[in-house]
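Visitor: Enclosed is the structure file target.txt (compact mmCIF, N, CA and C atoms).
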```txt
# COMPACT_ATOMS: atom_id res chain seq x y z
N MET A 1 -35.33 -19.09 11.98
CA MET A 1 -35.72 -17.69 11.99
C MET A 1 -34.68 -16.83 12.72
N VAL A 2 -34.23 -17.30 13.88
CA VAL A 2 -33.22 -16.55 14.62
C VAL A 2 -31.91 -16.54 13.85
N ALA A 3 -31.55 -17.67 13.24
CA ALA A 3 -30.31 -17.74 12.47
C ALA A 3 -30.37 -16.78 11.28
N ASP A 4 -31.52 -16.68 10.64
CA ASP A 4 -31.64 -15.75 9.51
C ASP A 4 -31.43 -14.31 9.96
N THR A 5 -31.94 -13.96 11.13
CA THR A 5 -31.75 -12.61 11.65
C THR A 5 -30.29 -12.34 11.96
N ILE A 6 -29.61 -13.32 12.57
CA ILE A 6 -28.20 -13.16 12.89
C ILE A 6 -27.37 -13.04 11.61
N ILE A 7 -27.68 -13.87 10.63
CA ILE A 7 -26.98 -13.80 9.33
C ILE A 7 -27.18 -12.43 8.70
N PHE A 8 -28.42 -11.95 8.71
CA PHE A 8 -28.73 -10.64 8.13
C PHE A 8 -27.95 -9.53 8.84
N ILE A 9 -27.88 -9.59 10.16
CA ILE A 9 -27.15 -8.57 10.93
C ILE A 9 -25.67 -8.61 10.59
N PHE A 10 -25.08 -9.82 10.53
CA PHE A 10 -23.66 -9.92 10.18
C PHE A 10 -23.39 -9.39 8.77
N LEU A 11 -24.28 -9.69 7.84
CA LEU A 11 -24.08 -9.21 6.47
C LEU A 11 -24.20 -7.70 6.38
N ILE A 12 -25.16 -7.13 7.09
CA ILE A 12 -25.31 -5.67 7.08
C ILE A 12 -24.10 -4.99 7.70
N ILE A 13 -23.62 -5.53 8.83
CA ILE A 13 -22.43 -4.95 9.48
C ILE A 13 -21.22 -5.06 8.54
N GLY A 14 -21.05 -6.21 7.90
CA GLY A 14 -19.94 -6.39 6.97
C GLY A 14 -20.00 -5.43 5.79
N LEU A 15 -21.19 -5.28 5.22
CA LEU A 15 -21.34 -4.35 4.10
C LEU A 15 -21.13 -2.91 4.54
N LEU A 16 -21.57 -2.58 5.75
CA LEU A 16 -21.37 -1.22 6.26
C LEU A 16 -19.88 -0.92 6.45
N PHE A 17 -19.15 -1.87 7.03
CA PHE A 17 -17.70 -1.66 7.19
C PHE A 17 -17.01 -1.51 5.84
N ASN A 18 -17.37 -2.33 4.87
CA ASN A 18 -16.75 -2.23 3.55
C ASN A 18 -17.10 -0.90 2.87
N ALA A 19 -18.35 -0.46 3.03
CA ALA A 19 -18.74 0.83 2.46
C ALA A 19 -17.98 1.98 3.12
N LEU A 20 -17.78 1.89 4.43
CA LEU A 20 -17.01 2.93 5.12
C LEU A 20 -15.55 2.91 4.68
N GLY A 21 -15.03 1.74 4.37
CA GLY A 21 -13.67 1.66 3.85
C GLY A 21 -13.54 2.36 2.51
N VAL A 22 -14.52 2.18 1.65
CA VAL A 22 -14.52 2.85 0.35
C VAL A 22 -14.64 4.36 0.55
N LEU A 23 -15.50 4.77 1.46
CA LEU A 23 -15.66 6.20 1.73
C LEU A 23 -14.36 6.80 2.27
N GLY A 24 -13.69 6.09 3.16
CA GLY A 24 -12.41 6.56 3.68
C GLY A 24 -11.35 6.63 2.60
N LEU A 25 -11.38 5.68 1.69
CA LEU A 25 -10.42 5.68 0.59
C LEU A 25 -10.62 6.89 -0.31
N LEU A 26 -11.85 7.30 -0.48
CA LEU A 26 -12.14 8.45 -1.33
C LEU A 26 -11.95 9.79 -0.62
N ARG A 27 -12.18 9.84 0.68
CA ARG A 27 -12.21 11.11 1.39
C ARG A 27 -10.90 11.52 2.05
N PHE A 28 -10.09 10.56 2.48
CA PHE A 28 -8.91 10.93 3.26
C PHE A 28 -7.81 11.48 2.35
N PRO A 29 -6.96 12.36 2.91
CA PRO A 29 -6.06 13.14 2.05
C PRO A 29 -4.78 12.44 1.60
N ASP A 30 -4.19 11.57 2.42
CA ASP A 30 -2.90 11.02 2.04
C ASP A 30 -2.92 9.49 2.10
N VAL A 31 -1.80 8.91 1.67
CA VAL A 31 -1.74 7.46 1.52
C VAL A 31 -1.88 6.75 2.86
N TYR A 32 -1.38 7.34 3.92
CA TYR A 32 -1.38 6.67 5.22
C TYR A 32 -2.79 6.60 5.82
N THR A 33 -3.52 7.68 5.76
CA THR A 33 -4.88 7.65 6.30
C THR A 33 -5.80 6.83 5.41
N ARG A 34 -5.58 6.89 4.11
CA ARG A 34 -6.37 6.04 3.21
C ARG A 34 -6.10 4.56 3.47
N LEU A 35 -4.84 4.26 3.68
CA LEU A 35 -4.46 2.88 3.96
C LEU A 35 -5.07 2.40 5.27
N HIS A 36 -5.06 3.26 6.27
CA HIS A 36 -5.65 2.91 7.55
C HIS A 36 -7.14 2.62 7.40
N ALA A 37 -7.84 3.51 6.72
CA ALA A 37 -9.29 3.35 6.56
C ALA A 37 -9.63 2.09 5.77
N SER A 38 -8.93 1.89 4.68
CA SER A 38 -9.28 0.74 3.84
C SER A 38 -8.90 -0.58 4.49
N THR A 39 -7.78 -0.63 5.18
CA THR A 39 -7.35 -1.88 5.79
C THR A 39 -8.24 -2.27 6.95
N LYS A 40 -8.48 -1.35 7.87
CA LYS A 40 -9.30 -1.67 9.03
C LYS A 40 -10.72 -2.01 8.62
N ALA A 41 -11.28 -1.21 7.74
CA ALA A 41 -12.67 -1.42 7.37
C ALA A 41 -12.86 -2.71 6.58
N THR A 42 -11.99 -2.98 5.63
CA THR A 42 -12.18 -4.21 4.86
C THR A 42 -11.87 -5.45 5.66
N THR A 43 -10.95 -5.35 6.62
CA THR A 43 -10.67 -6.50 7.47
C THR A 43 -11.90 -6.84 8.30
N PHE A 44 -12.44 -5.84 9.00
CA PHE A 44 -13.62 -6.11 9.82
C PHE A 44 -14.83 -6.45 8.97
N GLY A 45 -14.99 -5.78 7.83
CA GLY A 45 -16.11 -6.09 6.95
C GLY A 45 -16.05 -7.52 6.45
N SER A 46 -14.88 -7.97 6.05
CA SER A 46 -14.74 -9.34 5.56
C SER A 46 -14.95 -10.35 6.68
N ILE A 47 -14.50 -10.03 7.89
CA ILE A 47 -14.70 -10.95 9.01
C ILE A 47 -16.19 -11.08 9.32
N PHE A 48 -16.92 -9.98 9.31
CA PHE A 48 -18.36 -10.07 9.58
C PHE A 48 -19.10 -10.80 8.47
N LEU A 49 -18.69 -10.60 7.22
CA LEU A 49 -19.31 -11.36 6.13
C LEU A 49 -19.04 -12.85 6.29
N CYS A 50 -17.82 -13.19 6.68
CA CYS A 50 -17.49 -14.60 6.91
C CYS A 50 -18.25 -15.17 8.10
N LEU A 51 -18.47 -14.36 9.12
CA LEU A 51 -19.28 -14.82 10.25
C LEU A 51 -20.71 -15.13 9.81
N GLY A 52 -21.23 -14.34 8.90
CA GLY A 52 -22.55 -14.64 8.35
C GLY A 52 -22.57 -15.96 7.61
N VAL A 53 -21.50 -16.25 6.87
CA VAL A 53 -21.40 -17.54 6.17
C VAL A 53 -21.32 -18.69 7.17
N VAL A 54 -20.55 -18.50 8.24
CA VAL A 54 -20.41 -19.55 9.25
C VAL A 54 -21.74 -19.83 9.93
N VAL A 55 -22.47 -18.78 10.30
CA VAL A 55 -23.77 -18.98 10.94
C VAL A 55 -24.73 -19.69 9.98
N PHE A 56 -24.70 -19.31 8.71
CA PHE A 56 -25.54 -20.00 7.73
C PHE A 56 -25.18 -21.47 7.62
N ALA A 57 -23.89 -21.76 7.55
CA ALA A 57 -23.45 -23.15 7.42
C ALA A 57 -23.80 -23.96 8.66
N ILE A 58 -23.67 -23.35 9.84
CA ILE A 58 -24.04 -24.06 11.07
C ILE A 58 -25.53 -24.35 11.10
N SER A 59 -26.34 -23.37 10.71
CA SER A 59 -27.79 -23.60 10.71
C SER A 59 -28.19 -24.67 9.69
N GLN A 60 -27.51 -24.69 8.55
CA GLN A 60 -27.81 -25.73 7.56
C GLN A 60 -27.33 -27.10 8.02
N TYR A 61 -26.18 -27.13 8.68
CA TYR A 61 -25.66 -28.41 9.18
C TYR A 61 -26.57 -28.98 10.25
N LEU A 62 -27.04 -28.13 11.14
CA LEU A 62 -27.94 -28.61 12.19
C LEU A 62 -29.27 -29.09 11.62
N GLY A 63 -29.68 -28.52 10.49
CA GLY A 63 -30.94 -28.93 9.87
C GLY A 63 -30.82 -30.18 9.03
N THR A 64 -29.66 -30.39 8.39
CA THR A 64 -29.54 -31.51 7.45
C THR A 64 -28.50 -32.54 7.85
N SER A 65 -27.59 -32.21 8.73
CA SER A 65 -26.46 -33.08 9.13
C SER A 65 -25.59 -33.48 7.94
N ASP A 66 -25.51 -32.61 6.95
CA ASP A 66 -24.69 -32.86 5.77
C ASP A 66 -23.27 -32.36 6.06
N SER A 67 -22.29 -33.20 5.80
CA SER A 67 -20.91 -32.86 6.17
C SER A 67 -20.30 -31.78 5.28
N GLN A 68 -20.91 -31.46 4.16
CA GLN A 68 -20.35 -30.41 3.31
C GLN A 68 -20.37 -29.06 4.01
N TYR A 69 -21.30 -28.86 4.92
CA TYR A 69 -21.36 -27.59 5.65
C TYR A 69 -20.23 -27.47 6.66
N LEU A 70 -19.74 -28.61 7.16
CA LEU A 70 -18.56 -28.57 8.03
C LEU A 70 -17.34 -28.10 7.26
N MET A 71 -17.24 -28.51 5.99
CA MET A 71 -16.14 -28.05 5.15
C MET A 71 -16.25 -26.55 4.88
N VAL A 72 -17.46 -26.07 4.68
CA VAL A 72 -17.66 -24.63 4.47
C VAL A 72 -17.22 -23.86 5.71
N ILE A 73 -17.59 -24.36 6.89
CA ILE A 73 -17.20 -23.71 8.14
C ILE A 73 -15.69 -23.70 8.28
N THR A 74 -15.06 -24.84 8.03
CA THR A 74 -13.60 -24.94 8.15
C THR A 74 -12.89 -24.00 7.18
N HIS A 75 -13.32 -24.00 5.94
CA HIS A 75 -12.68 -23.13 4.95
C HIS A 75 -12.91 -21.65 5.27
N THR A 76 -14.06 -21.33 5.78
CA THR A 76 -14.34 -19.93 6.11
C THR A 76 -13.48 -19.46 7.28
N ILE A 77 -13.30 -20.32 8.27
CA ILE A 77 -12.45 -19.96 9.41
C ILE A 77 -11.00 -19.80 8.96
N ILE A 78 -10.54 -20.68 8.10
CA ILE A 78 -9.18 -20.54 7.55
C ILE A 78 -9.06 -19.25 6.75
N ALA A 79 -10.09 -18.91 6.00
CA ALA A 79 -10.07 -17.67 5.22
C ALA A 79 -10.02 -16.44 6.12
N VAL A 80 -10.71 -16.48 7.26
CA VAL A 80 -10.68 -15.35 8.19
C VAL A 80 -9.27 -15.15 8.73
N PHE A 81 -8.60 -16.24 9.12
CA PHE A 81 -7.23 -16.12 9.60
C PHE A 81 -6.30 -15.61 8.50
N ALA A 82 -6.48 -16.10 7.28
CA ALA A 82 -5.65 -15.64 6.17
C ALA A 82 -5.89 -14.16 5.89
N LEU A 83 -7.15 -13.73 5.95
CA LEU A 83 -7.47 -12.31 5.74
C LEU A 83 -6.83 -11.43 6.81
N ALA A 84 -6.92 -11.86 8.05
CA ALA A 84 -6.36 -11.06 9.13
C ALA A 84 -4.85 -10.91 8.99
N ILE A 85 -4.18 -11.97 8.60
CA ILE A 85 -2.73 -11.92 8.48
C ILE A 85 -2.31 -11.15 7.23
N THR A 86 -2.92 -11.46 6.09
CA THR A 86 -2.48 -10.83 4.85
C THR A 86 -2.87 -9.36 4.76
N ASN A 87 -4.01 -8.97 5.32
CA ASN A 87 -4.37 -7.55 5.31
C ASN A 87 -3.38 -6.74 6.13
N ALA A 88 -3.01 -7.25 7.29
CA ALA A 88 -2.04 -6.52 8.13
C ALA A 88 -0.67 -6.47 7.46
N ALA A 89 -0.22 -7.58 6.93
CA ALA A 89 1.10 -7.61 6.28
C ALA A 89 1.11 -6.76 5.01
N GLY A 90 0.05 -6.82 4.25
CA GLY A 90 -0.03 -6.03 3.02
C GLY A 90 -0.06 -4.54 3.29
N SER A 91 -0.83 -4.12 4.28
CA SER A 91 -0.88 -2.69 4.59
C SER A 91 0.45 -2.20 5.15
N HIS A 92 1.13 -3.05 5.91
CA HIS A 92 2.45 -2.68 6.42
C HIS A 92 3.44 -2.51 5.26
N ALA A 93 3.39 -3.41 4.29
CA ALA A 93 4.29 -3.32 3.14
C ALA A 93 4.00 -2.07 2.31
N ILE A 94 2.74 -1.74 2.13
CA ILE A 94 2.39 -0.54 1.36
C ILE A 94 2.83 0.72 2.10
N ALA A 95 2.60 0.75 3.42
CA ALA A 95 3.02 1.92 4.20
C ALA A 95 4.54 2.07 4.21
N ARG A 96 5.24 0.96 4.29
CA ARG A 96 6.71 1.01 4.27
C ARG A 96 7.22 1.51 2.91
N ALA A 97 6.59 1.02 1.83
CA ALA A 97 6.99 1.47 0.50
C ALA A 97 6.70 2.96 0.32
N ALA A 98 5.57 3.42 0.84
CA ALA A 98 5.25 4.85 0.74
C ALA A 98 6.24 5.68 1.53
N HIS A 99 6.63 5.19 2.70
CA HIS A 99 7.60 5.92 3.52
C HIS A 99 8.97 5.96 2.85
N ARG A 100 9.38 4.84 2.29
CA ARG A 100 10.69 4.78 1.62
C ARG A 100 10.73 5.63 0.36
N SER A 101 9.58 5.80 -0.29
CA SER A 101 9.57 6.61 -1.50
C SER A 101 9.46 8.10 -1.20
N GLY A 102 9.39 8.44 0.08
CA GLY A 102 9.40 9.85 0.44
C GLY A 102 8.03 10.47 0.63
N GLN A 103 6.99 9.68 0.62
CA GLN A 103 5.65 10.21 0.85
C GLN A 103 5.53 10.70 2.29
N LYS A 104 5.17 11.94 2.44
CA LYS A 104 4.97 12.50 3.78
C LYS A 104 3.48 12.60 4.06
N PRO A 105 3.10 12.36 5.30
CA PRO A 105 1.68 12.55 5.64
C PRO A 105 1.31 14.03 5.55
N ASP A 106 0.07 14.29 5.21
CA ASP A 106 -0.39 15.67 5.19
C ASP A 106 -0.33 16.24 6.60
N PRO A 107 0.06 17.50 6.72
CA PRO A 107 0.12 18.08 8.07
C PRO A 107 -1.28 18.17 8.68
N ALA A 108 -1.30 18.02 9.98
CA ALA A 108 -2.58 18.11 10.68
C ALA A 108 -3.10 19.54 10.62
N ILE A 109 -4.39 19.67 10.57
CA ILE A 109 -5.00 20.99 10.57
C ILE A 109 -5.04 21.48 12.01
N VAL A 110 -4.45 22.63 12.22
CA VAL A 110 -4.39 23.19 13.57
C VAL A 110 -5.51 24.21 13.72
N ASP A 111 -6.26 24.08 14.77
CA ASP A 111 -7.35 25.01 15.04
C ASP A 111 -6.82 26.14 15.93
N LYS A 112 -6.65 27.29 15.35
CA LYS A 112 -6.09 28.43 16.09
C LYS A 112 -7.04 28.93 17.17
N LEU A 113 -8.35 28.75 16.99
CA LEU A 113 -9.30 29.22 18.00
C LEU A 113 -9.17 28.43 19.30
N THR A 114 -8.97 27.12 19.20
CA THR A 114 -8.82 26.34 20.43
C THR A 114 -7.48 26.61 21.09
N GLU A 115 -6.47 26.92 20.29
CA GLU A 115 -5.17 27.28 20.87
C GLU A 115 -5.25 28.61 21.61
N ALA A 116 -6.06 29.52 21.10
CA ALA A 116 -6.21 30.83 21.73
C ALA A 116 -7.16 30.78 22.92
N GLY A 117 -7.81 29.65 23.13
CA GLY A 117 -8.74 29.52 24.25
C GLY A 117 -10.12 30.06 23.96
N LEU A 118 -10.47 30.23 22.71
CA LEU A 118 -11.80 30.76 22.36
C LEU A 118 -12.78 29.67 22.07
```
Take the structure in the file and write it out as structure tokens.

Guide:
Amino acid sequence: MVADTIIFIFLIIGLLFNALGVLGLLRFPDVYTRLHASTKATTFGSIFLCLGVVVFAISQYLGTSDSQYLMVITHTIIAVFALAITNAAGSHAIARAAHRSGQKPDPAIVDKLTEAGL
């Protein structure tokens, strides 16, 4: 029962991060902010989803002592490390390509009222 609650929480957090990544991809103005939103959100979302899988596999292993769940845990941990490395490297490559192609970030919106002290 406790494991099911933990799994549910990890899955909800993972889905929320992924949904926020999609929202950031749709809402942000330029390639750099879109890249930031999608990379950070999908990395954390995928990690939390994988944590849910690991907790499920641990709870099943403790209940059945079947070694296939140890393989699921091992593969999921390897996948988390691969996701962390490839998401960072991929976003760096995309940002570098955008910079080399001359893409400029959108200028920041300046609030004249705060500059005037109002």

Visitor: From the set A:Val54, A:Val80, A:Ile6, A:Leu35, which residue has the shortest atom-to-atom contact distance to His92 (chain A), counting only C-alpha atoms?

Guide: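 The shortest atom-to-atom distance to His92 (chain A) comes from A:Leu35.
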
Visitor: How many Å separate atom N of Gly24 (chain A) from CA of Thr39 (chain A)?

Guide: 10.5 Å

Visitor: May I ask for the distance between atom C of Phe48 (chain A) and CA of Val31 (chain A), given in Å to one decimal place?

Guide: 26.1 Å

Visitor: Where in region 75-111 of chain A does DSSP assign helix (DSSP H, G or I), given as a ChimeraX atom specification?

Guide: /A:75-100

Visitor: Might you pull out every residue within 6.5 Å of Leu70 (chain A), with all atoms listed in the file counted and same-chain residues fewer than 5 positions away left off, and present them as JSON, numbers by chain?

Guide: {"A": [57, 61, 75]}

Visitor: Rounded to one decimal, what separation in Å do you get between CA of Leu16 (chain A) and CA of Gln60 (chain A)?

Guide: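 CA of Leu16 (chain A) sits 25.4 Å away from CA of Gln60 (chain A).
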